Structures are given as C-alpha cells and as structure tokens.
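Structure below is structure.cif: mmCIF, C-alpha atoms.
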data_work
#
loop_
_atom_site.label_atom_id
_atom_site.label_comp_id
_atom_site.auth_asym_id
_atom_site.auth_seq_id
_atom_site.Cartn_x
_atom_site.Cartn_y
_atom_site.Cartn_z
CA MET A 13 86.57 302.03 129.00
CA LYS A 14 83.28 303.10 127.41
CA VAL A 15 83.54 303.82 123.74
CA GLY A 16 80.49 306.10 123.50
CA ASP A 17 80.42 308.03 120.25
CA LYS A 18 84.10 307.53 119.55
CA ASP A 19 85.45 305.31 116.80
CA PRO A 20 86.79 302.17 118.53
CA GLN A 21 90.01 302.62 116.58
CA ASP A 22 90.56 305.92 118.44
CA ILE A 23 90.42 304.22 121.84
CA PRO A 24 93.94 303.44 123.12
CA LEU A 25 94.67 299.80 123.81
CA GLU A 26 94.48 298.75 127.45
CA LEU A 27 97.93 298.94 128.99
CA PRO A 28 99.55 295.78 130.35
CA MET A 29 101.04 296.40 133.79
CA SER A 30 104.55 296.07 132.31
CA ILE A 31 103.90 298.96 129.89
CA MET A 32 102.29 301.03 132.64
CA ARG A 33 105.45 300.52 134.68
CA VAL A 34 107.52 301.81 131.74
CA LEU A 35 105.36 304.94 131.57
CA VAL A 36 105.57 305.53 135.33
CA GLU A 37 109.36 305.27 135.26
CA MET A 38 109.52 307.51 132.20
CA TYR A 39 107.34 310.10 133.95
CA TYR A 40 109.41 310.28 137.12
CA ASP A 41 112.77 310.14 135.27
CA PHE A 42 111.74 312.88 132.86
CA GLN A 43 110.22 315.02 135.62
CA LYS A 44 113.43 314.83 137.65
CA THR A 45 115.54 315.77 134.61
CA ARG A 46 113.18 318.59 133.59
CA ILE A 47 113.21 320.16 137.05
CA GLU A 48 116.99 319.91 137.40
CA ALA A 49 117.63 321.29 133.89
CA GLY A 50 115.06 324.05 134.38
CA ASN A 51 116.58 325.14 137.69
CA ARG A 52 120.07 325.25 136.19
CA ALA A 53 118.82 327.27 133.22
CA LEU A 54 117.03 329.78 135.45
CA MET A 55 120.08 330.18 137.71
CA ASN A 56 122.22 330.74 134.62
CA ALA A 57 119.75 333.34 133.35
CA GLU A 58 119.74 335.14 136.69
CA ARG A 59 123.53 335.06 136.89
CA ASN A 60 123.75 336.64 133.42
CA SER A 61 120.92 339.14 134.01
CA ILE A 62 118.63 337.52 131.45
CA SER A 63 115.01 338.51 132.01
CA GLU A 64 111.92 336.29 131.75
CA GLU A 65 110.86 338.44 128.80
CA ASP A 66 114.07 337.53 126.96
CA LEU A 67 113.52 333.83 127.67
CA GLU A 68 110.07 334.13 126.13
CA LYS A 69 111.25 336.33 123.24
CA TYR A 70 113.90 333.87 122.12
CA GLY A 71 111.75 330.77 122.49
CA VAL A 72 113.33 329.31 125.62
CA LYS A 73 110.02 329.43 127.47
CA ASP A 74 108.41 327.46 124.61
CA ILE A 75 110.96 324.70 125.14
CA PHE A 76 110.14 324.61 128.86
CA ASP A 77 106.44 324.44 128.04
CA ALA A 78 107.00 321.63 125.52
CA ALA A 79 108.86 319.65 128.19
CA LYS A 80 105.95 320.09 130.62
CA LYS A 81 103.52 319.04 127.89
CA PHE A 82 105.48 315.85 127.22
CA GLU A 83 105.34 315.03 130.92
CA ASN A 84 101.62 315.76 130.99
CA ASP A 85 101.05 313.57 127.91
CA ILE A 86 102.51 310.61 129.79
CA LYS A 87 100.19 311.33 132.69
CA LYS A 88 97.16 311.58 130.37
CA ARG A 89 97.99 308.25 128.72
CA ILE A 90 98.09 306.59 132.13
CA GLU A 91 94.92 308.40 133.24
CA VAL A 92 92.95 307.09 130.24
CA ASP A 93 93.83 303.52 131.15
CA LEU A 94 93.24 303.52 134.91
CA PRO A 95 89.45 302.84 134.70
CA ASN A 96 90.31 299.56 132.95
CA LYS A 97 91.87 298.27 136.17
CA ALA A 98 89.41 296.75 138.66
CA ILE A 99 91.59 297.55 141.69
CA PHE A 100 91.48 301.21 140.66
CA LYS A 101 87.74 301.47 140.00
CA SER A 102 86.74 299.44 143.04
CA TYR A 103 89.22 300.87 145.51
CA LEU A 104 92.16 303.14 144.69
CA GLU A 105 90.22 305.94 142.98
CA SER A 106 88.28 306.40 146.24
CA ILE A 107 91.39 307.01 148.35
CA GLN A 108 92.17 310.65 149.17
CA GLY A 109 95.71 311.79 148.52
CA ILE A 110 97.31 309.74 145.76
CA GLY A 111 97.38 311.04 142.21
CA THR A 112 97.34 309.39 138.81
CA VAL A 113 100.99 308.44 138.38
CA LEU A 114 101.54 307.37 141.98
CA THR A 115 98.42 305.19 141.87
CA ALA A 116 99.55 303.63 138.59
CA GLY A 117 103.01 303.00 139.99
CA CYS A 118 101.73 301.18 143.07
CA MET A 119 99.64 298.93 140.81
CA ALA A 120 102.26 298.41 138.11
CA TYR A 121 105.05 297.37 140.46
CA VAL A 122 102.82 294.87 142.24
CA GLU A 123 101.80 293.81 138.71
CA ASP A 124 100.10 290.52 139.59
CA ILE A 125 98.77 290.14 143.12
CA SER A 126 98.69 286.34 142.79
CA ARG A 127 102.49 286.42 143.11
CA PHE A 128 102.10 287.22 146.81
CA SER A 129 100.22 284.53 148.71
CA LYS A 130 100.52 286.47 151.98
CA ILE A 131 100.84 290.15 152.82
CA SER A 132 104.21 289.37 154.42
CA ALA A 133 105.46 288.26 150.98
CA LEU A 134 104.55 291.65 149.50
CA TRP A 135 106.16 293.45 152.44
CA GLN A 136 109.32 291.40 151.93
CA TYR A 137 109.37 292.13 148.19
CA SER A 138 108.96 295.83 148.95
CA GLY A 139 111.68 296.07 151.60
CA TYR A 140 109.28 296.29 154.55
CA GLY A 141 109.96 292.78 155.84
CA GLN A 142 112.78 291.15 157.77
CA ASN A 143 116.08 289.45 157.15
CA THR A 144 118.16 287.42 159.59
CA PHE A 145 121.66 287.68 161.04
CA CYS A 146 123.86 285.61 163.28
CA PRO A 147 124.49 287.26 166.67
CA ASP A 148 127.50 284.99 167.29
CA CYS A 149 129.31 285.92 164.07
CA SER A 150 128.37 289.61 164.15
CA THR A 151 130.54 292.39 165.55
CA ASP A 152 129.63 295.75 167.06
CA LYS A 153 130.07 297.36 163.63
CA THR A 154 128.99 294.64 161.19
CA LYS A 155 126.11 292.18 161.21
CA ALA A 156 126.68 288.70 159.77
CA TRP A 157 123.61 288.47 157.56
CA THR A 158 122.32 285.19 156.15
CA TYR A 159 122.43 284.92 152.39
CA VAL A 160 122.24 282.73 149.31
CA ASP A 161 124.93 282.64 146.59
CA VAL A 162 123.61 283.84 143.24
CA GLU A 163 125.49 283.52 139.96
CA TYR A 164 125.08 285.95 137.06
CA GLU A 165 126.84 286.82 133.83
CA GLY A 166 128.86 290.02 133.99
CA THR A 167 129.26 292.58 131.22
CA ASP A 168 132.56 290.90 130.35
CA GLY A 169 130.73 287.61 129.71
CA LYS A 170 132.25 285.90 132.74
CA THR A 171 130.17 284.18 135.41
CA LYS A 172 130.21 286.07 138.70
CA LYS A 173 128.81 285.35 142.13
CA VAL A 174 127.09 287.62 144.65
CA LYS A 175 125.73 287.11 148.15
CA ARG A 176 122.01 287.95 148.12
CA LEU A 177 120.33 288.55 151.46
CA ARG A 178 117.85 285.86 152.43
CA PRO A 179 116.20 285.01 155.76
CA SER A 180 117.36 281.73 157.25
CA PRO A 181 116.94 280.07 160.67
CA THR A 182 120.64 279.20 160.75
CA CYS A 183 123.89 281.04 160.04
CA ASN A 184 125.75 280.35 156.76
CA LYS A 185 129.08 280.29 158.59
CA CYS A 186 128.60 278.62 161.98
CA GLY A 187 125.16 277.05 161.68
CA HIS A 188 123.91 278.69 164.89
CA ASP A 189 120.41 280.14 165.31
CA THR A 190 119.79 283.56 163.81
CA GLU A 191 117.82 286.62 164.86
CA ASN A 192 115.43 288.82 162.87
CA ALA A 193 116.15 292.40 161.85
CA ARG A 194 114.44 294.89 159.58
CA GLN A 195 115.45 294.72 155.90
CA GLN A 196 118.24 297.19 155.24
CA ASN A 197 121.14 297.75 152.88
CA ALA A 198 124.27 295.86 153.89
CA ALA A 199 127.79 296.26 152.51
CA GLY A 200 128.90 293.20 150.58
CA TYR A 201 125.40 291.85 150.06
CA GLN A 202 122.83 292.24 147.32
CA SER A 203 119.46 293.45 148.60
CA ASN A 204 116.46 291.12 148.30
CA TRP A 205 113.74 293.66 147.62
CA ASN A 206 112.58 295.98 144.86
CA PRO A 207 113.67 299.53 145.80
CA LYS A 208 111.31 301.20 143.32
CA ILE A 209 108.12 299.76 144.78
CA LYS A 210 109.40 300.65 148.25
CA VAL A 211 109.86 304.27 147.16
CA LEU A 212 106.38 304.41 145.58
CA PHE A 213 104.54 303.18 148.67
CA TRP A 214 106.68 305.52 150.79
CA LYS A 215 105.64 308.39 148.52
CA ALA A 216 102.02 307.32 148.99
CA ALA A 217 102.42 307.52 152.78
CA LYS A 218 104.02 310.97 152.50
CA SER A 219 101.17 312.09 150.27
CA PHE A 220 98.62 310.88 152.84
CA MET A 221 100.48 312.81 155.51
CA MET A 222 99.95 316.04 153.56
CA GLN A 223 96.17 315.62 153.40
CA ASP A 224 93.49 317.14 155.62
CA SER A 225 92.74 314.66 158.39
CA ALA A 226 89.04 315.43 157.98
CA LYS A 227 89.20 313.96 154.45
CA SER A 228 91.87 311.28 154.70
CA ARG A 229 91.73 308.33 157.09
CA TYR A 230 95.34 307.47 156.30
CA ARG A 231 96.30 310.94 157.52
CA LYS A 232 94.41 310.18 160.72
CA LEU A 233 96.35 306.95 161.03
CA TYR A 234 99.63 308.83 160.61
CA ASP A 235 98.67 311.19 163.44
CA GLN A 236 97.59 308.24 165.61
CA TYR A 237 100.83 306.32 165.03
CA LYS A 238 102.93 309.38 165.79
CA ARG A 239 101.20 309.74 169.16
CA GLU A 240 101.60 306.03 169.92
CA TYR A 241 105.29 305.97 169.00
CA ARG A 242 106.04 309.11 171.00
CA THR A 243 104.36 307.54 174.03
CA LYS A 244 106.32 304.31 173.53
CA PHE A 245 109.62 306.10 172.83
CA PRO A 246 109.67 309.35 174.85
CA SER A 247 112.20 312.02 173.91
CA LYS A 248 113.95 311.64 177.26
CA ILE A 249 115.48 308.34 176.10
CA LYS A 250 119.13 309.02 175.23
CA ASP A 251 121.75 307.01 173.37
CA LYS A 252 125.25 306.30 174.70
CA ASN A 253 126.42 309.71 173.44
CA GLY A 254 123.69 311.56 175.30
CA LYS A 255 121.67 312.41 172.18
CA THR A 256 117.91 311.88 171.93
CA LYS A 257 117.50 308.32 170.66
CA TYR A 258 114.02 308.84 169.22
CA ASN A 259 113.79 312.42 167.98
CA ASP A 260 110.87 313.89 166.03
CA GLY A 261 112.40 312.76 162.73
CA HIS A 262 112.61 309.16 163.92
CA ILE A 263 109.02 309.22 165.14
CA HIS A 264 107.87 310.76 161.86
CA ASN A 265 109.61 308.07 159.79
CA MET A 266 108.32 305.27 161.98
CA ALA A 267 104.75 306.52 161.57
CA LEU A 268 105.18 306.86 157.80
CA ARG A 269 106.57 303.33 157.57
CA LYS A 270 103.59 301.94 159.43
CA VAL A 271 101.08 303.85 157.28
CA SER A 272 102.87 302.57 154.17
CA LYS A 273 102.64 298.96 155.39
CA VAL A 274 98.96 299.32 156.30
CA PHE A 275 98.14 300.81 152.90
CA MET A 276 100.06 298.00 151.22
CA SER A 277 98.12 295.41 153.23
CA HIS A 278 94.84 297.02 152.12
CA VAL A 279 95.88 296.97 148.46
CA TRP A 280 96.86 293.31 148.86
CA ILE A 281 93.65 292.13 150.53
CA VAL A 282 91.25 294.09 148.27
CA TRP A 283 93.07 293.15 145.08
CA ARG A 284 93.22 289.45 145.95
CA GLN A 285 89.53 289.47 146.84
CA ILE A 286 88.69 291.10 143.50
CA ASP A 287 90.76 288.51 141.60
CA GLY A 288 89.28 285.59 143.52
CA HIS A 289 92.40 284.55 145.48
CA THR A 290 92.48 283.40 149.09
CA ILE A 291 93.04 286.12 151.67
CA SER A 292 94.17 286.21 155.29
CA LYS A 293 94.92 288.64 158.06
CA PRO A 294 98.57 289.62 158.60
CA TYR A 295 100.53 287.03 160.57
CA GLY A 296 100.09 287.69 164.29
CA ALA A 297 97.20 290.11 163.70
CA THR A 298 95.67 289.09 167.00
CA GLY A 299 98.93 289.61 168.84
CA ALA A 300 101.28 292.49 169.52
CA ASN A 301 103.17 292.59 166.22
CA HIS A 302 100.38 293.33 163.75
CA THR A 303 96.85 294.55 164.30
CA TYR A 304 94.42 293.84 161.48
CA LEU A 305 92.86 297.04 160.21
CA GLU A 306 89.98 296.59 157.81
CA PRO A 307 90.35 298.28 154.39
CA PHE A 308 88.50 301.56 153.94
CA VAL A 309 87.92 304.33 151.40
CA ASP A 310 87.56 308.09 151.77
CA LYS A 311 84.93 308.58 149.08
CA PRO A 312 81.67 306.66 148.48
CA ASN A 313 82.17 303.60 146.29
CA LYS A 314 79.42 301.00 145.95
CA GLU A 315 81.76 298.48 144.34
CA PHE A 316 84.10 298.71 147.30
CA ASP A 317 81.20 298.25 149.73
CA LYS A 318 80.37 294.93 148.01
CA ILE A 319 84.00 293.80 148.08
CA LEU A 320 84.36 294.72 151.75
CA LYS A 321 81.39 292.50 152.61
CA GLU A 322 83.03 289.66 150.69
CA ILE A 323 86.27 290.26 152.60
CA GLN A 324 84.44 290.21 155.92
CA LYS A 325 82.78 286.95 154.93
CA SER A 326 86.08 285.40 153.81
CA LEU A 327 87.80 286.36 157.07
CA LYS A 328 84.96 285.42 159.40
CA GLY A 329 86.36 283.27 162.13
CA VAL A 330 89.94 283.71 160.93
#
Final structure tokens representation of the file:
Amino acid sequence: MKVGDKDPQDIPLELPMSIMRVLVEMYYDFQKTRIEAGNRALMNAERNSISEEDLEKYGVKDIFDAAKKFENDIKKRIEVDLPNKAIFKSYLESIQGIGTVLTAGCMAYVEDISRFSKISALWQYSGYGQNTFCPDCSTDKTKAWTYVDVEYEGTDGKTKKVKRLRPSPTCNKCGHDTENARQQNAAGYQSNWNPKIKVLFWKAAKSFMMQDSAKSRYRKLYDQYKREYRTKFPSKIKDKNGKTKYNDGHIHNMALRKVSKVFMSHVWIVWRQIDGHTISKPYGATGANHTYLEPFVDKPNKEFDKILKEIQKSLKGV
C-alpha cells in the first residue's frame, strides 16, 4: 500500500491470511445475526403497531445504524488490505461480480497456494473432488465409503475415534476394488473437506450468475454449461417414480458447480504462477472429464496479461 502523505504509523499493518479469515468469518456471522435480529424487531414493531418514527424517536434506528456501521468497518479494514495481495492486484480485482469480502474469503481460506500441488488437491480440500466406496459392501440405501480412523481428544478428556472419509483403491472391510463418487456428507463418517471454502466458492459462482453476460465471462460460462447439461440430460428422462430426473434446479446446480470449479482452477493456476510454483493443466484436460480453460479477466489488467503469457509458456507442450 502506498503511504503518500500519510504518517506511516497511520497505515494499518498488512493482514496475514489467518487474520483476514477471522475478519471474513466475523463479517458473515455478524451480518447473519444483524439481519435476523433486525427482521424480528421489525415484525415485533409491526405486530405492536410501532411506527418507524417511534423507532427513530426512541433511538432504536440508531442502534440498527450502529450495527450496519460495525459491519461496514470490517469490510473497510479488509478493503484497505486487499491491494497488498498480489493475487488480488494481478487477477481478482479484474473479475466482474465478486465483492470485497467474498474475494478476501476465497483468498484467506486457500491461505497458501503452495499447499496444493495440483488443482485436484484444492478441489478435494474444497469438497469438489471425489471419494471412494465399495460396491460389494454397499446396499441400496447406504454406501460403504472408504475411510481412515482418526483419534482425537474429546471435551471430557478421553481419546475418541472417528471414521474420516478418504479415497482408497480398496475397501476397508473386504479389500475389493472401489468406485469413485462425488464428495458428499455421509452418516457415520467425518467429512474430508473444508465446508467454509466450499460455500465461499459456491457464493462466487452464484454472484457470477447474477451478472450481465456482456460484462462477465463467468456468467457466459454459466449459460453455456446450462445449455450443455440440458442437452446431455433432457427433461424427458424420468426416475423410477416417474418424476423428471434432471429438472431445472438440477441443471442450475450442475452449471454452478462447474463454474465454481473452473474459477477455483483459475485462482490456483494464476496464484501458483505468481508465487513461482510449478503449474499444470487439470488431470485429463485433453480428455472427456476436464477441459482446460485458460484464465481470463473481465477488466483490463496489464499485470495479468504478463502473468498469462508466463502461464502459456509454462504449459507449452503440456
């Protein structure tokens, strides 16, 4: 951040990603509580015939305004720090459709891109990957997922054990070959992904969907994927109960999921290039499972243009 005419002591310290994550969580938690409390208060006022003028007269409106200011102060603190982050200045600030807190959250929960040597590792961490199950041990109602036993200390001080989902080529019980399935919650097992980062990238995809397609390429992708999925899964396909197997809601969610994964892959490849780490295309990018889509921005950014050339050079022949 440029100091300019300001006293350096007045410039806030650069936020570590861990502190930024605290602020992002605080923002969303407080916003949720403020909205819920505000709605209950307004319903109570309406039920008791209390006018807006009375709320203002007796200082209730001032309390609402103070709550909004606190929320906005968190946002401003994050906003001041974003230019310190190379991935923001060189890429994320030039993407149409994601605001300050959402951008900060996507960065803060990734935290250190060197942790993920492949994009599939980031997808797995974010709940967009795959786990495995044994078809021989599974029933019509319950899948026999593969897992690893994890010990932890309970609140009572005693050591406890939990089954944490983990992909494996063989079944824990019978040793037979397993099959892949999308990561999902499973009764009796601990999930092996971070639900908060999954929600943040899902929110990003939903935000892209709400943009004008003339300004947002991710919105264009959403529209494209919806058309492709509807062609692949026509509405005439019915389940065993005669209901549409792939209704508009299913198609919508499938398109959002794909946009989210593509955006995540772009963050991964640009960030790793900026930090000087090795990069690669998604596994199977030349096949049917994943198609490599080059990172892009919606607004002019000379720094990004340089990075994109470096990416193209790094991936040449790959």
Self-check item: Target residues per the PyMOL selection byres ((chain A and resi 46-54) around 12), formatted as a PyMOL selection string
Solution: chain A and resi 38-45+55-64+66-67+72-73+75-83
Keeping C-alpha atoms, export the residues of the selection given above as an mmCIF file, keeping the file's coordinate frame.
data_model
loop_
_atom_site.group_PDB
_atom_site.id
_atom_site.type_symbol
_atom_site.label_atom_id
_atom_site.label_comp_id
_atom_site.auth_asym_id
_atom_site.auth_seq_id
_atom_site.Cartn_x
_atom_site.Cartn_y
_atom_site.Cartn_z
ATOM 1 C CA MET A 38 109.520 307.510 132.200
ATOM 2 C CA TYR A 39 107.340 310.100 133.950
ATOM 3 C CA TYR A 40 109.410 310.280 137.120
ATOM 4 C CA ASP A 41 112.770 310.140 135.270
ATOM 5 C CA PHE A 42 111.740 312.880 132.860
ATOM 6 C CA GLN A 43 110.220 315.020 135.620
ATOM 7 C CA LYS A 44 113.430 314.830 137.650
ATOM 8 C CA THR A 45 115.540 315.770 134.610
ATOM 9 C CA MET A 55 120.080 330.180 137.710
ATOM 10 C CA ASN A 56 122.220 330.740 134.620
ATOM 11 C CA ALA A 57 119.750 333.340 133.350
ATOM 12 C CA GLU A 58 119.740 335.140 136.690
ATOM 13 C CA ARG A 59 123.530 335.060 136.890
ATOM 14 C CA ASN A 60 123.750 336.640 133.420
ATOM 15 C CA SER A 61 120.920 339.140 134.010
ATOM 16 C CA ILE A 62 118.630 337.520 131.450
ATOM 17 C CA SER A 63 115.010 338.510 132.010
ATOM 18 C CA GLU A 64 111.920 336.290 131.750
ATOM 19 C CA ASP A 66 114.070 337.530 126.960
ATOM 20 C CA LEU A 67 113.520 333.830 127.670
ATOM 21 C CA VAL A 72 113.330 329.310 125.620
ATOM 22 C CA LYS A 73 110.020 329.430 127.470
ATOM 23 C CA ILE A 75 110.960 324.700 125.140
ATOM 24 C CA PHE A 76 110.140 324.610 128.860
ATOM 25 C CA ASP A 77 106.440 324.440 128.040
ATOM 26 C CA ALA A 78 107.000 321.630 125.520
ATOM 27 C CA ALA A 79 108.860 319.650 128.190
ATOM 28 C CA LYS A 80 105.950 320.090 130.620
ATOM 29 C CA LYS A 81 103.520 319.040 127.890
ATOM 30 C CA PHE A 82 105.480 315.850 127.220
ATOM 31 C CA GLU A 83 105.340 315.030 130.920
#
Do you know which residues the PyMOL selection byres ((chain A and resi 112) around 9) returns on this file, as an mmCIF file with C-alpha atoms, in the coordinates of the input?
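Here's the written file part.cif:
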data_model
loop_
_atom_site.group_PDB
_atom_site.id
_atom_site.type_symbol
_atom_site.label_atom_id
_atom_site.label_comp_id
_atom_site.auth_asym_id
_atom_site.auth_seq_id
_atom_site.Cartn_x
_atom_site.Cartn_y
_atom_site.Cartn_z
ATOM 1 C CA LYS A 87 100.190 311.330 132.690
ATOM 2 C CA LYS A 88 97.160 311.580 130.370
ATOM 3 C CA ILE A 90 98.090 306.590 132.130
ATOM 4 C CA GLU A 91 94.920 308.400 133.240
ATOM 5 C CA LEU A 94 93.240 303.520 134.910
ATOM 6 C CA GLU A 105 90.220 305.940 142.980
ATOM 7 C CA ILE A 110 97.310 309.740 145.760
ATOM 8 C CA GLY A 111 97.380 311.040 142.210
ATOM 9 C CA VAL A 113 100.990 308.440 138.380
ATOM 10 C CA LEU A 114 101.540 307.370 141.980
ATOM 11 C CA THR A 115 98.420 305.190 141.870
ATOM 12 C CA ALA A 116 99.550 303.630 138.590
ATOM 13 C CA GLY A 117 103.010 303.000 139.990
#
Tell me, as a PDB file with C-alpha atoms, in the frame of the given file, which residues lie within 12 Å of Trp135 in chain A, counting all atoms listed in the file; anything in the same chain fewer than 2 positions away does not count.
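Output below, filename around.pdb:
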ATOM      1  CA  VAL A 122     102.820 294.870 142.240  1.00  0.00           C
ATOM      2  CA  PHE A 128     102.100 287.220 146.810  1.00  0.00           C
ATOM      3  CA  SER A 129     100.220 284.530 148.710  1.00  0.00           C
ATOM      4  CA  LYS A 130     100.520 286.470 151.980  1.00  0.00           C
ATOM      5  CA  ILE A 131     100.840 290.150 152.820  1.00  0.00           C
ATOM      6  CA  SER A 132     104.210 289.370 154.420  1.00  0.00           C
ATOM      7  CA  ALA A 133     105.460 288.260 150.980  1.00  0.00           C
ATOM      8  CA  TYR A 137     109.370 292.130 148.190  1.00  0.00           C
ATOM      9  CA  SER A 138     108.960 295.830 148.950  1.00  0.00           C
ATOM     10  CA  GLY A 139     111.680 296.070 151.600  1.00  0.00           C
ATOM     11  CA  TYR A 140     109.280 296.290 154.550  1.00  0.00           C
ATOM     12  CA  GLY A 141     109.960 292.780 155.840  1.00  0.00           C
ATOM     13  CA  GLN A 142     112.780 291.150 157.770  1.00  0.00           C
ATOM     14  CA  ASN A 143     116.080 289.450 157.150  1.00  0.00           C
ATOM     15  CA  ARG A 194     114.440 294.890 159.580  1.00  0.00           C
ATOM     16  CA  GLN A 195     115.450 294.720 155.900  1.00  0.00           C
ATOM     17  CA  ASN A 204     116.460 291.120 148.300  1.00  0.00           C
ATOM     18  CA  TRP A 205     113.740 293.660 147.620  1.00  0.00           C
ATOM     19  CA  ASN A 206     112.580 295.980 144.860  1.00  0.00           C
ATOM     20  CA  PRO A 207     113.670 299.530 145.800  1.00  0.00           C
ATOM     21  CA  ILE A 209     108.120 299.760 144.780  1.00  0.00           C
ATOM     22  CA  LYS A 210     109.400 300.650 148.250  1.00  0.00           C
ATOM     23  CA  PHE A 213     104.540 303.180 148.670  1.00  0.00           C
ATOM     24  CA  ARG A 269     106.570 303.330 157.570  1.00  0.00           C
ATOM     25  CA  LYS A 270     103.590 301.940 159.430  1.00  0.00           C
ATOM     26  CA  SER A 272     102.870 302.570 154.170  1.00  0.00           C
ATOM     27  CA  LYS A 273     102.640 298.960 155.390  1.00  0.00           C
ATOM     28  CA  VAL A 274      98.960 299.320 156.300  1.00  0.00           C
ATOM     29  CA  PHE A 275      98.140 300.810 152.900  1.00  0.00           C
ATOM     30  CA  MET A 276     100.060 298.000 151.220  1.00  0.00           C
ATOM     31  CA  SER A 277      98.120 295.410 153.230  1.00  0.00           C
ATOM     32  CA  HIS A 278      94.840 297.020 152.120  1.00  0.00           C
ATOM     33  CA  VAL A 279      95.880 296.970 148.460  1.00  0.00           C
ATOM     34  CA  TRP A 280      96.860 293.310 148.860  1.00  0.00           C
ATOM     35  CA  PRO A 294      98.570 289.620 158.600  1.00  0.00           C
ATOM     36  CA  TYR A 295     100.530 287.030 160.570  1.00  0.00           C
TER      37      TYR A 295
END
Quiz item: Which residues match the PyMOL selection byres ((chain A and resi 145-147) around 6) in the file above, as JSON, numbers by chain?
Solution: {"A": [144, 148, 149, 150, 156, 157, 158, 183, 190, 191]}
Self-check item: Nearest to Val271 in chain A by atom-to-atom distance, counting all atoms listed in the file, from A:Lys218, A:Arg178, A:Lys69, A:Lys101
Solution: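 Of A:Lys218, A:Arg178, A:Lys69, A:Lys101, the one nearest Val271 in chain A is A:Lys218, counting all atoms listed in the file.
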Quiz item: Looking at A:Lys321, A:Arg176, A:His264, A:Arg127, which one is nearest to Asp235 in chain A, with distances taken over all atoms listed in the file?
Solution: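 Closest residue, counting all atoms listed in the file: A:His264.
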Exercise. Quote the spacing between CA of Gln108 in chain A and CA of Phe220 in chain A in Å to one decimal place.
Key: 7.4 Å
Self-check item: Atom-to-atom span, CA of Leu25 in chain A and CA of Ser126 in chain A, Å
Solution: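 One can read the CA of Leu25 in chain A to CA of Ser126 in chain A distance as 23.6 Å.
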Quiz item: Leaving out Lys244 in chain A and any residue of its chain fewer than 4 positions from it, which residues lie within 12 Å of it when counting only C-alpha atoms, given as JSON, numbers by chain?
Solution: {"A": [237, 238, 239, 240, 248, 249, 258, 263, 266]}
Emit the selected residues as a PDB file, keeping the file's coordinate frame, including C-alpha atoms.
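Saved result, part22.pdb, follows:
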ATOM      1  CA  TYR A 237     100.830 306.320 165.030  1.00  0.00           C
ATOM      2  CA  LYS A 238     102.930 309.380 165.790  1.00  0.00           C
ATOM      3  CA  ARG A 239     101.200 309.740 169.160  1.00  0.00           C
ATOM      4  CA  GLU A 240     101.600 306.030 169.920  1.00  0.00           C
ATOM      5  CA  LYS A 248     113.950 311.640 177.260  1.00  0.00           C
ATOM      6  CA  ILE A 249     115.480 308.340 176.100  1.00  0.00           C
ATOM      7  CA  TYR A 258     114.020 308.840 169.220  1.00  0.00           C
ATOM      8  CA  ILE A 263     109.020 309.220 165.140  1.00  0.00           C
ATOM      9  CA  MET A 266     108.320 305.270 161.980  1.00  0.00           C
TER      10      MET A 266
END
Centre and edge lengths of an axis-aligned box around all listed atoms of range 44-61 of chain A, with 8 Å added on each side, are to be given in Å to one decimal, as JSON.
{"center_x": 118.5, "center_y": 327.0, "center_z": 135.5, "size_x": 26.6, "size_y": 40.3, "size_z": 20.5}
Quiz item: So which residues touch Ile125 in chain A within 9 Å, counting all atoms listed in the file, skipping near sequence neighbours fewer than 5 positions away, as a list in words?
Solution: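 Residues near the query, excluding close chain neighbours: Leu134, Trp280, Trp283, Arg284, Asp287 and His289 of chain A.
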Exercise. May I ask for the distance between CA of Pro181 in chain A and CA of Tyr159 in chain A, given in Å to one decimal place?
Key: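 These atoms are spaced 11.1 Å apart.
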Quiz item: Taking (114.9, 313.9, 168.9) in the file's coordinates, which residues come within 12 Å, counting only C-alpha atoms, written as a ChimeraX atom specification?
Solution: /A:242,245-251,254-264
Self-check item: Test item: which residues lie within 12 Å of (100.4, 298.4, 127.0) counting only C-alpha atoms, as a count of residues only
Solution: 19
Quiz prompt | Residue nearest Glu123 in chain A - candidates A:Val160, A:Lys97, A:Ser102, A:Lys155, atoms counted: all atoms listed in the file | solution =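 Under the stated criterion, the closest residue is A:Lys97.
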